[in-house]
$ cat input_16.pdb   # PDB, C-alpha atoms and all ligand atoms
ATOM      1  CA  MET A   1     166.529 -40.880  94.521  1.00  0.00           C
ATOM      2  CA  THR A   2     164.434 -37.839  93.651  1.00  0.00           C
ATOM      3  CA  ALA A   3     165.371 -34.401  94.942  1.00  0.00           C
ATOM      4  CA  ALA A   4     162.292 -34.421  97.174  1.00  0.00           C
ATOM      5  CA  GLY A   5     163.102 -37.898  98.476  1.00  0.00           C
ATOM      6  CA  TYR A   6     166.642 -36.834  99.285  1.00  0.00           C
ATOM      7  CA  ARG A   7     165.477 -33.684 101.062  1.00  0.00           C
ATOM      8  CA  ASP A   8     162.773 -35.463 103.081  1.00  0.00           C
ATOM      9  CA  LYS A   9     165.073 -38.306 104.106  1.00  0.00           C
ATOM     10  CA  LEU A  10     167.842 -35.937 105.191  1.00  0.00           C
ATOM     11  CA  ALA A  11     165.398 -33.810 107.198  1.00  0.00           C
ATOM     12  CA  ALA A  12     163.935 -36.855 108.944  1.00  0.00           C
ATOM     13  CA  MET A  13     167.319 -38.390 109.668  1.00  0.00           C
ATOM     14  CA  ARG A  14     168.516 -35.122 111.162  1.00  0.00           C
ATOM     15  CA  ARG A  15     165.575 -35.257 113.562  1.00  0.00           C
ATOM     16  CA  SER A  16     165.998 -38.885 114.639  1.00  0.00           C
ATOM     17  CA  GLY A  17     169.762 -38.406 114.768  1.00  0.00           C
ATOM     18  CA  ALA A  18     169.404 -35.350 116.993  1.00  0.00           C
ATOM     19  CA  VAL A  19     167.441 -37.431 119.493  1.00  0.00           C
ATOM     20  CA  VAL A  20     170.204 -40.053 119.493  1.00  0.00           C
ATOM     21  CA  ALA A  21     172.854 -37.371 120.010  1.00  0.00           C
ATOM     22  CA  ARG A  22     170.936 -35.906 122.945  1.00  0.00           C
ATOM     23  CA  ALA A  23     170.535 -39.378 124.428  1.00  0.00           C
ATOM     24  CA  LEU A  24     174.300 -39.929 124.253  1.00  0.00           C
ATOM     25  CA  GLU A  25     174.949 -36.546 125.871  1.00  0.00           C
ATOM     26  CA  LEU A  26     172.688 -37.716 128.705  1.00  0.00           C
ATOM     27  CA  CYS A  27     174.623 -40.993 128.899  1.00  0.00           C
ATOM     28  CA  LYS A  28     177.850 -39.017 129.302  1.00  0.00           C
ATOM     29  CA  GLU A  29     176.365 -37.143 132.261  1.00  0.00           C
ATOM     30  CA  LEU A  30     175.076 -40.319 133.878  1.00  0.00           C
ATOM     31  CA  VAL A  31     178.244 -42.399 133.642  1.00  0.00           C
ATOM     32  CA  GLU A  32     179.914 -42.329 137.054  1.00  0.00           C
ATOM     33  CA  PRO A  33     181.067 -44.826 139.662  1.00  0.00           C
ATOM     34  CA  GLY A  34     178.127 -46.493 141.392  1.00  0.00           C
ATOM     35  CA  ARG A  35     175.578 -45.775 138.663  1.00  0.00           C
ATOM     36  CA  ARG A  36     173.309 -48.708 137.881  1.00  0.00           C
ATOM     37  CA  THR A  37     173.272 -49.475 134.150  1.00  0.00           C
ATOM     38  CA  GLY A  38     169.517 -50.071 134.281  1.00  0.00           C
ATOM     39  CA  GLU A  39     169.029 -46.493 135.461  1.00  0.00           C
ATOM     40  CA  ILE A  40     170.921 -45.157 132.444  1.00  0.00           C
ATOM     41  CA  ASP A  41     168.684 -47.220 130.197  1.00  0.00           C
ATOM     42  CA  ALA A  42     165.498 -45.979 131.874  1.00  0.00           C
ATOM     43  CA  ARG A  43     166.577 -42.332 131.699  1.00  0.00           C
ATOM     44  CA  VAL A  44     167.495 -42.642 128.028  1.00  0.00           C
ATOM     45  CA  GLU A  45     164.211 -44.330 127.168  1.00  0.00           C
ATOM     46  CA  GLU A  46     162.386 -41.487 128.894  1.00  0.00           C
ATOM     47  CA  LEU A  47     164.338 -38.902 126.875  1.00  0.00           C
ATOM     48  CA  ILE A  48     163.652 -40.695 123.596  1.00  0.00           C
ATOM     49  CA  ARG A  49     159.932 -41.071 124.259  1.00  0.00           C
ATOM     50  CA  SER A  50     159.515 -37.498 125.469  1.00  0.00           C
ATOM     51  CA  ALA A  51     160.989 -36.382 122.130  1.00  0.00           C
ATOM     52  CA  GLY A  52     158.135 -38.233 120.421  1.00  0.00           C
ATOM     53  CA  ALA A  53     160.481 -40.956 119.193  1.00  0.00           C
ATOM     54  CA  ARG A  54     160.743 -44.622 120.027  1.00  0.00           C
ATOM     55  CA  PRO A  55     163.854 -46.575 121.039  1.00  0.00           C
ATOM     56  CA  SER A  56     165.038 -48.515 117.984  1.00  0.00           C
ATOM     57  CA  PHE A  57     166.592 -51.324 119.981  1.00  0.00           C
ATOM     58  CA  LYS A  58     163.859 -52.143 122.487  1.00  0.00           C
ATOM     59  CA  GLY A  59     162.169 -55.301 121.251  1.00  0.00           C
ATOM     60  CA  TYR A  60     164.453 -55.530 118.207  1.00  0.00           C
ATOM     61  CA  ASN A  61     164.901 -59.299 117.790  1.00  0.00           C
ATOM     62  CA  GLY A  62     163.799 -59.410 121.420  1.00  0.00           C
ATOM     63  CA  PHE A  63     166.458 -57.078 122.844  1.00  0.00           C
ATOM     64  CA  PRO A  64     165.045 -55.989 126.224  1.00  0.00           C
ATOM     65  CA  ALA A  65     166.376 -52.423 126.537  1.00  0.00           C
ATOM     66  CA  SER A  66     166.780 -49.050 124.818  1.00  0.00           C
ATOM     67  CA  VAL A  67     170.543 -48.793 125.265  1.00  0.00           C
ATOM     68  CA  CYS A  68     173.221 -51.416 124.740  1.00  0.00           C
ATOM     69  CA  ILE A  69     175.679 -50.985 127.602  1.00  0.00           C
ATOM     70  CA  SER A  70     178.907 -52.931 127.209  1.00  0.00           C
ATOM     71  CA  ILE A  71     181.639 -52.751 129.838  1.00  0.00           C
ATOM     72  CA  ASN A  72     185.395 -53.391 129.461  1.00  0.00           C
ATOM     73  CA  GLU A  73     185.819 -56.669 127.533  1.00  0.00           C
ATOM     74  CA  GLN A  74     182.212 -56.495 126.379  1.00  0.00           C
ATOM     75  CA  VAL A  75     182.222 -55.404 122.736  1.00  0.00           C
ATOM     76  CA  VAL A  76     178.574 -54.679 121.946  1.00  0.00           C
ATOM     77  CA  HIS A  77     174.993 -55.646 122.872  1.00  0.00           C
ATOM     78  CA  GLY A  78     175.444 -55.649 126.643  1.00  0.00           C
ATOM     79  CA  ILE A  79     172.120 -55.653 128.498  1.00  0.00           C
ATOM     80  CA  PRO A  80     171.599 -52.955 131.129  1.00  0.00           C
ATOM     81  CA  GLY A  81     170.439 -54.106 134.538  1.00  0.00           C
ATOM     82  CA  GLU A  82     171.505 -54.239 138.167  1.00  0.00           C
ATOM     83  CA  ARG A  83     175.213 -53.955 137.503  1.00  0.00           C
ATOM     84  CA  ARG A  84     176.813 -50.776 138.819  1.00  0.00           C
ATOM     85  CA  LEU A  85     179.629 -48.986 137.035  1.00  0.00           C
ATOM     86  CA  GLU A  86     182.995 -48.982 138.784  1.00  0.00           C
ATOM     87  CA  GLU A  87     185.881 -46.547 138.742  1.00  0.00           C
ATOM     88  CA  GLY A  88     188.386 -47.369 136.011  1.00  0.00           C
ATOM     89  CA  GLU A  89     185.990 -49.256 133.749  1.00  0.00           C
ATOM     90  CA  ILE A  90     185.271 -48.236 130.180  1.00  0.00           C
ATOM     91  CA  VAL A  91     181.666 -48.376 129.085  1.00  0.00           C
ATOM     92  CA  SER A  92     180.230 -48.394 125.575  1.00  0.00           C
ATOM     93  CA  LEU A  93     176.738 -46.967 125.164  1.00  0.00           C
ATOM     94  CA  ASP A  94     174.850 -47.582 121.930  1.00  0.00           C
ATOM     95  CA  VAL A  95     171.529 -45.844 121.265  1.00  0.00           C
ATOM     96  CA  GLY A  96     169.006 -45.908 118.427  1.00  0.00           C
ATOM     97  CA  ALA A  97     165.899 -43.769 117.943  1.00  0.00           C
ATOM     98  CA  PHE A  98     163.074 -43.961 115.399  1.00  0.00           C
ATOM     99  CA  LEU A  99     161.276 -40.730 114.527  1.00  0.00           C
ATOM    100  CA  GLY A 100     159.376 -39.569 111.455  1.00  0.00           C
ATOM    101  CA  GLY A 101     159.848 -42.919 109.762  1.00  0.00           C
ATOM    102  CA  TYR A 102     163.647 -43.018 110.047  1.00  0.00           C
ATOM    103  CA  HIS A 103     166.206 -44.381 112.469  1.00  0.00           C
ATOM    104  CA  GLY A 104     169.341 -42.855 113.929  1.00  0.00           C
ATOM    105  CA  ASP A 105     172.041 -44.998 115.531  1.00  0.00           C
ATOM    106  CA  ALA A 106     175.210 -43.988 117.369  1.00  0.00           C
ATOM    107  CA  ALA A 107     177.526 -45.113 120.138  1.00  0.00           C
ATOM    108  CA  LEU A 108     180.431 -43.964 122.240  1.00  0.00           C
ATOM    109  CA  THR A 109     182.846 -45.427 124.766  1.00  0.00           C
ATOM    110  CA  ILE A 110     183.614 -43.412 127.883  1.00  0.00           C
ATOM    111  CA  GLY A 111     185.691 -43.965 130.996  1.00  0.00           C
ATOM    112  CA  VAL A 112     184.190 -44.295 134.465  1.00  0.00           C
ATOM    113  CA  GLY A 113     186.206 -41.888 136.594  1.00  0.00           C
ATOM    114  CA  GLU A 114     189.953 -42.297 136.163  1.00  0.00           C
ATOM    115  CA  ILE A 115     190.974 -44.889 133.588  1.00  0.00           C
ATOM    116  CA  SER A 116     194.314 -46.394 132.582  1.00  0.00           C
ATOM    117  CA  ASP A 117     196.492 -44.900 129.846  1.00  0.00           C
ATOM    118  CA  GLU A 118     196.060 -48.187 128.004  1.00  0.00           C
ATOM    119  CA  ALA A 119     192.265 -47.830 127.990  1.00  0.00           C
ATOM    120  CA  ARG A 120     192.457 -44.181 126.992  1.00  0.00           C
ATOM    121  CA  ARG A 121     194.715 -44.995 124.045  1.00  0.00           C
ATOM    122  CA  LEU A 122     192.367 -47.734 122.809  1.00  0.00           C
ATOM    123  CA  MET A 123     189.442 -45.317 122.985  1.00  0.00           C
ATOM    124  CA  LEU A 124     191.329 -42.561 121.175  1.00  0.00           C
ATOM    125  CA  VAL A 125     192.486 -44.848 118.369  1.00  0.00           C
ATOM    126  CA  THR A 126     188.963 -46.250 117.943  1.00  0.00           C
ATOM    127  CA  TYR A 127     187.516 -42.752 117.755  1.00  0.00           C
ATOM    128  CA  GLN A 128     190.158 -41.854 115.177  1.00  0.00           C
ATOM    129  CA  CYS A 129     189.089 -44.931 113.193  1.00  0.00           C
ATOM    130  CA  LEU A 130     185.575 -43.501 113.104  1.00  0.00           C
ATOM    131  CA  GLU A 131     186.861 -40.105 111.973  1.00  0.00           C
ATOM    132  CA  ALA A 132     188.934 -41.740 109.233  1.00  0.00           C
ATOM    133  CA  ALA A 133     185.880 -43.677 108.085  1.00  0.00           C
ATOM    134  CA  VAL A 134     183.636 -40.612 108.029  1.00  0.00           C
ATOM    135  CA  ALA A 135     186.306 -38.836 105.945  1.00  0.00           C
ATOM    136  CA  GLN A 136     185.891 -41.603 103.342  1.00  0.00           C
ATOM    137  CA  SER A 137     182.107 -41.225 103.247  1.00  0.00           C
ATOM    138  CA  ARG A 138     181.260 -39.432 100.032  1.00  0.00           C
ATOM    139  CA  PRO A 139     179.557 -40.182  96.723  1.00  0.00           C
ATOM    140  CA  GLY A 140     181.597 -42.446  94.474  1.00  0.00           C
ATOM    141  CA  ASN A 141     183.639 -43.916  97.283  1.00  0.00           C
ATOM    142  CA  ARG A 142     183.091 -47.536  98.175  1.00  0.00           C
ATOM    143  CA  ILE A 143     182.354 -49.485 101.328  1.00  0.00           C
ATOM    144  CA  GLY A 144     185.830 -50.987 101.057  1.00  0.00           C
ATOM    145  CA  ASP A 145     187.319 -47.494 101.370  1.00  0.00           C
ATOM    146  CA  ILE A 146     185.574 -47.094 104.725  1.00  0.00           C
ATOM    147  CA  GLY A 147     186.607 -50.528 105.975  1.00  0.00           C
ATOM    148  CA  ALA A 148     190.194 -50.090 104.882  1.00  0.00           C
ATOM    149  CA  ALA A 149     190.427 -46.720 106.653  1.00  0.00           C
ATOM    150  CA  VAL A 150     189.246 -48.266 109.926  1.00  0.00           C
ATOM    151  CA  GLN A 151     191.350 -51.391 109.651  1.00  0.00           C
ATOM    152  CA  SER A 152     194.611 -49.687 108.731  1.00  0.00           C
ATOM    153  CA  TRP A 153     194.354 -47.090 111.503  1.00  0.00           C
ATOM    154  CA  ALA A 154     193.541 -49.719 114.132  1.00  0.00           C
ATOM    155  CA  GLU A 155     196.181 -52.203 113.030  1.00  0.00           C
ATOM    156  CA  GLU A 156     198.918 -49.585 112.745  1.00  0.00           C
ATOM    157  CA  ALA A 157     198.234 -48.839 116.406  1.00  0.00           C
ATOM    158  CA  GLY A 158     198.642 -52.537 117.272  1.00  0.00           C
ATOM    159  CA  TYR A 159     194.951 -53.310 117.691  1.00  0.00           C
ATOM    160  CA  GLN A 160     192.516 -55.554 115.854  1.00  0.00           C
ATOM    161  CA  VAL A 161     189.085 -54.820 114.434  1.00  0.00           C
ATOM    162  CA  VAL A 162     186.104 -57.036 115.178  1.00  0.00           C
ATOM    163  CA  ARG A 163     184.973 -58.805 112.034  1.00  0.00           C
ATOM    164  CA  ASP A 164     181.933 -60.711 113.243  1.00  0.00           C
ATOM    165  CA  PHE A 165     179.849 -57.538 113.600  1.00  0.00           C
ATOM    166  CA  THR A 166     179.648 -54.638 111.168  1.00  0.00           C
ATOM    167  CA  GLY A 167     178.157 -51.255 110.505  1.00  0.00           C
ATOM    168  CA  HIS A 168     175.169 -51.089 108.226  1.00  0.00           C
ATOM    169  CA  GLY A 169     172.937 -49.093 105.986  1.00  0.00           C
ATOM    170  CA  ILE A 170     170.195 -47.328 107.958  1.00  0.00           C
ATOM    171  CA  GLY A 171     166.981 -45.522 107.114  1.00  0.00           C
ATOM    172  CA  ARG A 172     163.405 -46.705 107.342  1.00  0.00           C
ATOM    173  CA  LYS A 173     164.847 -49.877 108.840  1.00  0.00           C
ATOM    174  CA  LEU A 174     167.491 -50.017 111.537  1.00  0.00           C
ATOM    175  CA  HIS A 175     169.651 -52.394 109.541  1.00  0.00           C
ATOM    176  CA  GLU A 176     169.678 -52.071 105.778  1.00  0.00           C
ATOM    177  CA  ARG A 177     172.095 -52.950 103.068  1.00  0.00           C
ATOM    178  CA  PRO A 178     174.961 -52.456 102.584  1.00  0.00           C
ATOM    179  CA  GLN A 179     176.893 -54.012 105.440  1.00  0.00           C
ATOM    180  CA  VAL A 180     179.736 -51.737 106.482  1.00  0.00           C
ATOM    181  CA  PRO A 181     182.622 -53.913 107.712  1.00  0.00           C
ATOM    182  CA  ASN A 182     185.487 -52.421 109.686  1.00  0.00           C
ATOM    183  CA  PHE A 183     187.982 -54.062 107.358  1.00  0.00           C
ATOM    184  CA  GLY A 184     188.368 -54.259 103.622  1.00  0.00           C
ATOM    185  CA  ARG A 185     190.241 -53.202 100.535  1.00  0.00           C
ATOM    186  CA  PRO A 186     190.060 -49.736  99.007  1.00  0.00           C
ATOM    187  CA  GLY A 187     188.070 -49.494  95.782  1.00  0.00           C
ATOM    188  CA  THR A 188     185.936 -52.575  96.470  1.00  0.00           C
ATOM    189  CA  GLY A 189     182.321 -53.108  97.404  1.00  0.00           C
ATOM    190  CA  TYR A 190     179.164 -51.042  97.135  1.00  0.00           C
ATOM    191  CA  ARG A 191     179.585 -47.554  95.695  1.00  0.00           C
ATOM    192  CA  LEU A 192     178.012 -44.824  97.829  1.00  0.00           C
ATOM    193  CA  ARG A 193     175.415 -42.505  96.300  1.00  0.00           C
ATOM    194  CA  PRO A 194     173.812 -39.265  97.478  1.00  0.00           C
ATOM    195  CA  GLY A 195     170.846 -40.091  99.690  1.00  0.00           C
ATOM    196  CA  ASP A 196     172.406 -43.230 101.153  1.00  0.00           C
ATOM    197  CA  ALA A 197     172.754 -43.398 104.911  1.00  0.00           C
ATOM    198  CA  VAL A 198     175.152 -45.652 106.775  1.00  0.00           C
ATOM    199  CA  ALA A 199     175.877 -46.347 110.419  1.00  0.00           C
ATOM    200  CA  ILE A 200     179.653 -46.543 110.715  1.00  0.00           C
ATOM    201  CA  GLU A 201     180.787 -48.256 113.894  1.00  0.00           C
ATOM    202  CA  PRO A 202     184.371 -49.331 114.479  1.00  0.00           C
ATOM    203  CA  MET A 203     184.684 -51.989 117.195  1.00  0.00           C
ATOM    204  CA  VAL A 204     188.338 -52.294 118.140  1.00  0.00           C
ATOM    205  CA  ASN A 205     189.928 -54.818 120.499  1.00  0.00           C
ATOM    206  CA  ALA A 206     193.182 -54.366 122.382  1.00  0.00           C
ATOM    207  CA  GLY A 207     193.918 -58.085 121.877  1.00  0.00           C
ATOM    208  CA  THR A 208     192.556 -60.690 119.522  1.00  0.00           C
ATOM    209  CA  LEU A 209     189.798 -59.898 117.042  1.00  0.00           C
ATOM    210  CA  ALA A 210     187.989 -63.069 118.109  1.00  0.00           C
ATOM    211  CA  VAL A 211     184.760 -62.603 120.042  1.00  0.00           C
ATOM    212  CA  LYS A 212     182.131 -64.819 121.623  1.00  0.00           C
ATOM    213  CA  VAL A 213     178.547 -64.375 122.775  1.00  0.00           C
ATOM    214  CA  LEU A 214     177.701 -64.872 126.452  1.00  0.00           C
ATOM    215  CA  PRO A 215     174.959 -67.300 127.536  1.00  0.00           C
ATOM    216  CA  ASP A 216     172.468 -64.388 127.714  1.00  0.00           C
ATOM    217  CA  ASN A 217     172.579 -64.701 123.905  1.00  0.00           C
ATOM    218  CA  TRP A 218     173.278 -60.982 123.503  1.00  0.00           C
ATOM    219  CA  THR A 219     176.452 -59.777 125.150  1.00  0.00           C
ATOM    220  CA  VAL A 220     179.441 -59.998 122.814  1.00  0.00           C
ATOM    221  CA  VAL A 221     182.823 -60.184 124.576  1.00  0.00           C
ATOM    222  CA  THR A 222     186.423 -60.400 123.415  1.00  0.00           C
ATOM    223  CA  TYR A 223     187.561 -64.001 123.351  1.00  0.00           C
ATOM    224  CA  ASP A 224     190.727 -63.220 125.316  1.00  0.00           C
ATOM    225  CA  GLY A 225     189.105 -60.836 127.793  1.00  0.00           C
ATOM    226  CA  SER A 226     190.984 -57.822 126.431  1.00  0.00           C
ATOM    227  CA  LEU A 227     189.387 -54.372 126.386  1.00  0.00           C
ATOM    228  CA  SER A 228     187.191 -53.273 123.503  1.00  0.00           C
ATOM    229  CA  ALA A 229     186.015 -49.830 122.380  1.00  0.00           C
ATOM    230  CA  HIS A 230     183.169 -48.799 120.077  1.00  0.00           C
ATOM    231  CA  TYR A 231     182.246 -45.492 118.451  1.00  0.00           C
ATOM    232  CA  GLU A 232     179.429 -44.990 115.976  1.00  0.00           C
ATOM    233  CA  ARG A 233     177.771 -42.278 113.968  1.00  0.00           C
ATOM    234  CA  THR A 234     174.991 -42.266 111.415  1.00  0.00           C
ATOM    235  CA  VAL A 235     176.204 -40.577 108.243  1.00  0.00           C
ATOM    236  CA  PHE A 236     174.074 -39.290 105.354  1.00  0.00           C
ATOM    237  CA  ILE A 237     175.780 -39.181 101.961  1.00  0.00           C
ATOM    238  CA  THR A 238     175.175 -35.763 100.448  1.00  0.00           C
ATOM    239  CA  ASP A 239     175.821 -34.511  96.917  1.00  0.00           C
ATOM    240  CA  GLU A 240     179.231 -33.204  97.942  1.00  0.00           C
ATOM    241  CA  GLY A 241     180.338 -35.422 100.822  1.00  0.00           C
ATOM    242  CA  CYS A 242     178.483 -36.425 103.937  1.00  0.00           C
ATOM    243  CA  GLU A 243     176.645 -35.097 106.935  1.00  0.00           C
ATOM    244  CA  VAL A 244     176.808 -36.707 110.376  1.00  0.00           C
ATOM    245  CA  THR A 245     173.188 -36.857 111.561  1.00  0.00           C
ATOM    246  CA  THR A 246     174.070 -38.001 115.099  1.00  0.00           C
ATOM    247  CA  PRO A 247     176.340 -35.144 116.207  1.00  0.00           C
ATOM    248  CA  TRP A 248     177.237 -36.191 119.743  1.00  0.00           C
ATOM    249  CA  SER A 249     180.232 -34.289 121.008  1.00  0.00           C
ATOM    250  CA  ARG A 250     183.562 -35.846 121.969  1.00  0.00           C
ATOM    251  CA  ARG A 251     183.735 -33.395 124.867  1.00  0.00           C
ATOM    252  CA  GLY A 252     184.052 -35.309 128.115  1.00  0.00           C
ATOM    253  CA  VAL A 253     184.663 -38.534 126.221  1.00  0.00           C
ATOM    254  CA  LEU A 254     188.227 -38.190 124.974  1.00  0.00           C
ATOM    255  CA  ASP A 255     189.285 -34.774 126.256  1.00  0.00           C
TER     256      ASP A 255
HETATM  257 MG    MG A 301     174.593 -49.692 114.478  1.00  0.00          MG
END
$ encode --input "input_16.pdb" --output "structure tokens" --more "lines below"
Ligand code: MG
Amino acid sequence: MTAAGYRDKLAAMRRSGAVVARALELCKELVEPGRRTGEIDARVEELIRSAGARPSFKGYNGFPASVCISINEQVVHGIPGERRLEEGEIVSLDVGAFLGGYHGDAALTIGVGEISDEARRLMLVTYQCLEAAVAQSRPGNRIGDIGAAVQSWAEEAGYQVVRDFTGHGIGRKLHERPQVPNFGRPGTGYRLRPGDAVAIEPMVNAGTLAVKVLPDNWTVVTYDGSLSAHYERTVFITDEGCEVTTPWSRRGVLD
């Protein structure tokens, strides 16, 4: 990648990523008992469009909304609608925005009101998986280093990582190569270079790693009905390390 290409891509991904981060901050404010998931989606779409961006997910392979909203045993790709959030649930919100020719993609899981210690621990460990993965994101490191960091942290805590869905390269397209699995062996796989961008997204289940897709053909749920958590950031590989381009804050999520 040329120096100009690197600079332009980083600048554009900062802008699309900033929209995603703002959208997730809005999601955090909106999550409360009684809130209709379709309202969250509508408010986020409005925010994205008023920033001059477009929702990456809406219409992607036919997905009908701007936010994936996945509750409790739902892992990813839940469709917002008439369902209302209830006290004690955990809800994963995944947002993508396209601006200036580049996508940003990020997600977080947050509790609705008071949640169980068990749910809180799953969320914390999953967030720590993301942090461990971001710490591995630098030039010369490999995709297997990221996957191994996620997998080992989750499994040491007694959880399992979802294997049927992965993180991904991201840029002019929402999903690019390489795939970024949440498992793997250190020192294997694609070697990261400055100018690469990846969406890192640990999906961690309290029970089995097995998942299934509901008859709506979108919603992915844990096979055993156990809770699942999901955190995601878009990360740009710099000359020295990496920069998170979707800097949503953990405030109000895990604190
Ligand atoms: Mg993603």
$ closest_atom_pairs --input "input_16.pdb" --of "chain A" --to "ligand MG 301 (chain A)" --cutoff "7 Å" --atoms "only C-alpha atoms and all ligand atoms" --output "tab-separated table"
residue	atom	partner	partner_atom	distance
A:Asp105	CA	A:MG301	MG	5.4
A:Ala106	CA	A:MG301	MG	6.4
A:Gly167	CA	A:MG301	MG	5.6
A:His168	CA	A:MG301	MG	6.4
A:Ala199	CA	A:MG301	MG	5.4
A:Glu201	CA	A:MG301	MG	6.4
A:Glu232	CA	A:MG301	MG	6.9
$ closest_residue --input "input_16.pdb" --among "A:Cys27, A:Leu99, A:Leu47, A:Ile90" --to "A:Ala11" --atoms "all atoms listed in the file"
A:Leu99
$ closest_atom_pairs --input "input_16.pdb" --of "stretch 47-155 of chain A" --to "stretch 237-251 of chain A" --cutoff "12 Å" --atoms "all atoms listed in the file" --output "CSV"
residue,atom,partner,partner_atom,distance
A:Asp94,CA,A:Thr246,CA,11.8
A:Val95,CA,A:Thr246,CA,10.3
A:Gly96,CA,A:Thr246,CA,10.0
A:Ala97,CA,A:Thr246,CA,10.4
A:Tyr102,CA,A:Thr245,CA,11.5
A:His103,CA,A:Thr245,CA,10.3
A:Gly104,CA,A:Thr246,CA,6.9
A:Asp105,CA,A:Thr246,CA,7.3
A:Ala106,CA,A:Thr246,CA,6.5
A:Ala107,CA,A:Trp248,CA,8.9
A:Leu108,CA,A:Arg250,CA,8.7
A:Thr109,CA,A:Arg250,CA,10.0
A:Ile110,CA,A:Arg250,CA,9.6
A:Met123,CA,A:Arg250,CA,11.2
A:Leu124,CA,A:Arg250,CA,10.3
A:Tyr127,CA,A:Arg250,CA,9.0
A:Gln128,CA,A:Arg250,CA,11.2
A:Leu130,CA,A:Val244,CA,11.4
A:Glu131,CA,A:Val244,CA,10.7
A:Ala133,CA,A:Cys242,CA,11.2
A:Val134,CA,A:Cys242,CA,7.8
A:Ala135,CA,A:Cys242,CA,8.4
A:Gln136,CA,A:Gly241,CA,8.7
A:Ser137,CA,A:Cys242,CA,6.1
A:Arg138,CA,A:Gly241,CA,4.2
A:Pro139,CA,A:Gly241,CA,6.3
A:Gly140,CA,A:Gly241,CA,9.6
A:Asn141,CA,A:Gly241,CA,9.8
A:Arg142,CA,A:Ile237,CA,11.7
$ residues_around --input "input_16.pdb" --residues "A:Gly81" --least-positions-apart "5" --cutoff "10 Å" --atoms "only C-alpha atoms" --output "list in words"
Arg36, Thr37, Gly38, Glu39, Ile40, Asp41, Ala42, Ala65 and Ile69 of chain A
$ resolve_selection --input "input_16.pdb" --expression "the PyMOL selection byres (((chain A and resi 175) around 12) and not hetatm)" --output "list in words"
Ser56, Phe57, Tyr60, Asn61, Gly96, Tyr102, His103, Gly104, Asp105, Thr166, Gly167, His168, Gly169, Ile170, Gly171, Arg172, Lys173, Leu174, Glu176, Arg177, Pro178, Gln179, Val180, Ala197, Val198, Ala199, Ile200 and Thr234 of chain A
$ closest_residue --input "input_16.pdb" --among "A:Arg22, A:Lys212, A:Arg49, A:Arg54" --to "A:His77" --atoms "all atoms listed in the file"
A:Lys212
$ build_atoms --input "input_16.pdb" --residues "stretch 193-205 of chain A" --atoms "N, CA and C atoms" --output "tab-separated table (two decimals), in the frame of the given file"
chain	number	residue	atom	x	y	z
A	193	ARG	N	176.12	-43.49	97.12
A	193	ARG	CA	175.42	-42.50	96.30
A	193	ARG	C	174.76	-41.46	97.20
A	194	PRO	N	174.53	-40.27	96.69
A	194	PRO	CA	173.81	-39.26	97.48
A	194	PRO	C	172.45	-39.81	97.91
A	195	GLY	N	172.12	-39.59	99.16
A	195	GLY	CA	170.85	-40.09	99.69
A	195	GLY	C	171.00	-41.39	100.46
A	196	ASP	N	172.15	-42.05	100.32
A	196	ASP	CA	172.41	-43.23	101.15
A	196	ASP	C	172.67	-42.78	102.59
A	197	ALA	N	172.37	-43.66	103.52
A	197	ALA	CA	172.75	-43.40	104.91
A	197	ALA	C	173.37	-44.68	105.47
A	198	VAL	N	174.46	-44.50	106.19
A	198	VAL	CA	175.15	-45.65	106.78
A	198	VAL	C	175.49	-45.36	108.24
A	199	ALA	N	175.41	-46.41	109.04
A	199	ALA	CA	175.88	-46.35	110.42
A	199	ALA	C	177.27	-46.96	110.42
A	200	ILE	N	178.25	-46.11	110.71
A	200	ILE	CA	179.65	-46.54	110.72
A	200	ILE	C	180.05	-46.76	112.16
A	201	GLU	N	180.57	-47.95	112.48
A	201	GLU	CA	180.79	-48.26	113.89
A	201	GLU	C	181.99	-49.15	114.15
A	202	PRO	N	183.18	-48.54	114.15
A	202	PRO	CA	184.37	-49.33	114.48
A	202	PRO	C	184.28	-49.95	115.88
A	203	MET	N	184.56	-51.26	115.93
A	203	MET	CA	184.68	-51.99	117.20
A	203	MET	C	186.12	-52.50	117.22
A	204	VAL	N	186.91	-52.02	118.15
A	204	VAL	CA	188.34	-52.29	118.14
A	204	VAL	C	188.74	-52.96	119.45
A	205	ASN	N	189.49	-54.06	119.33
A	205	ASN	CA	189.93	-54.82	120.50
A	205	ASN	C	191.41	-54.59	120.75
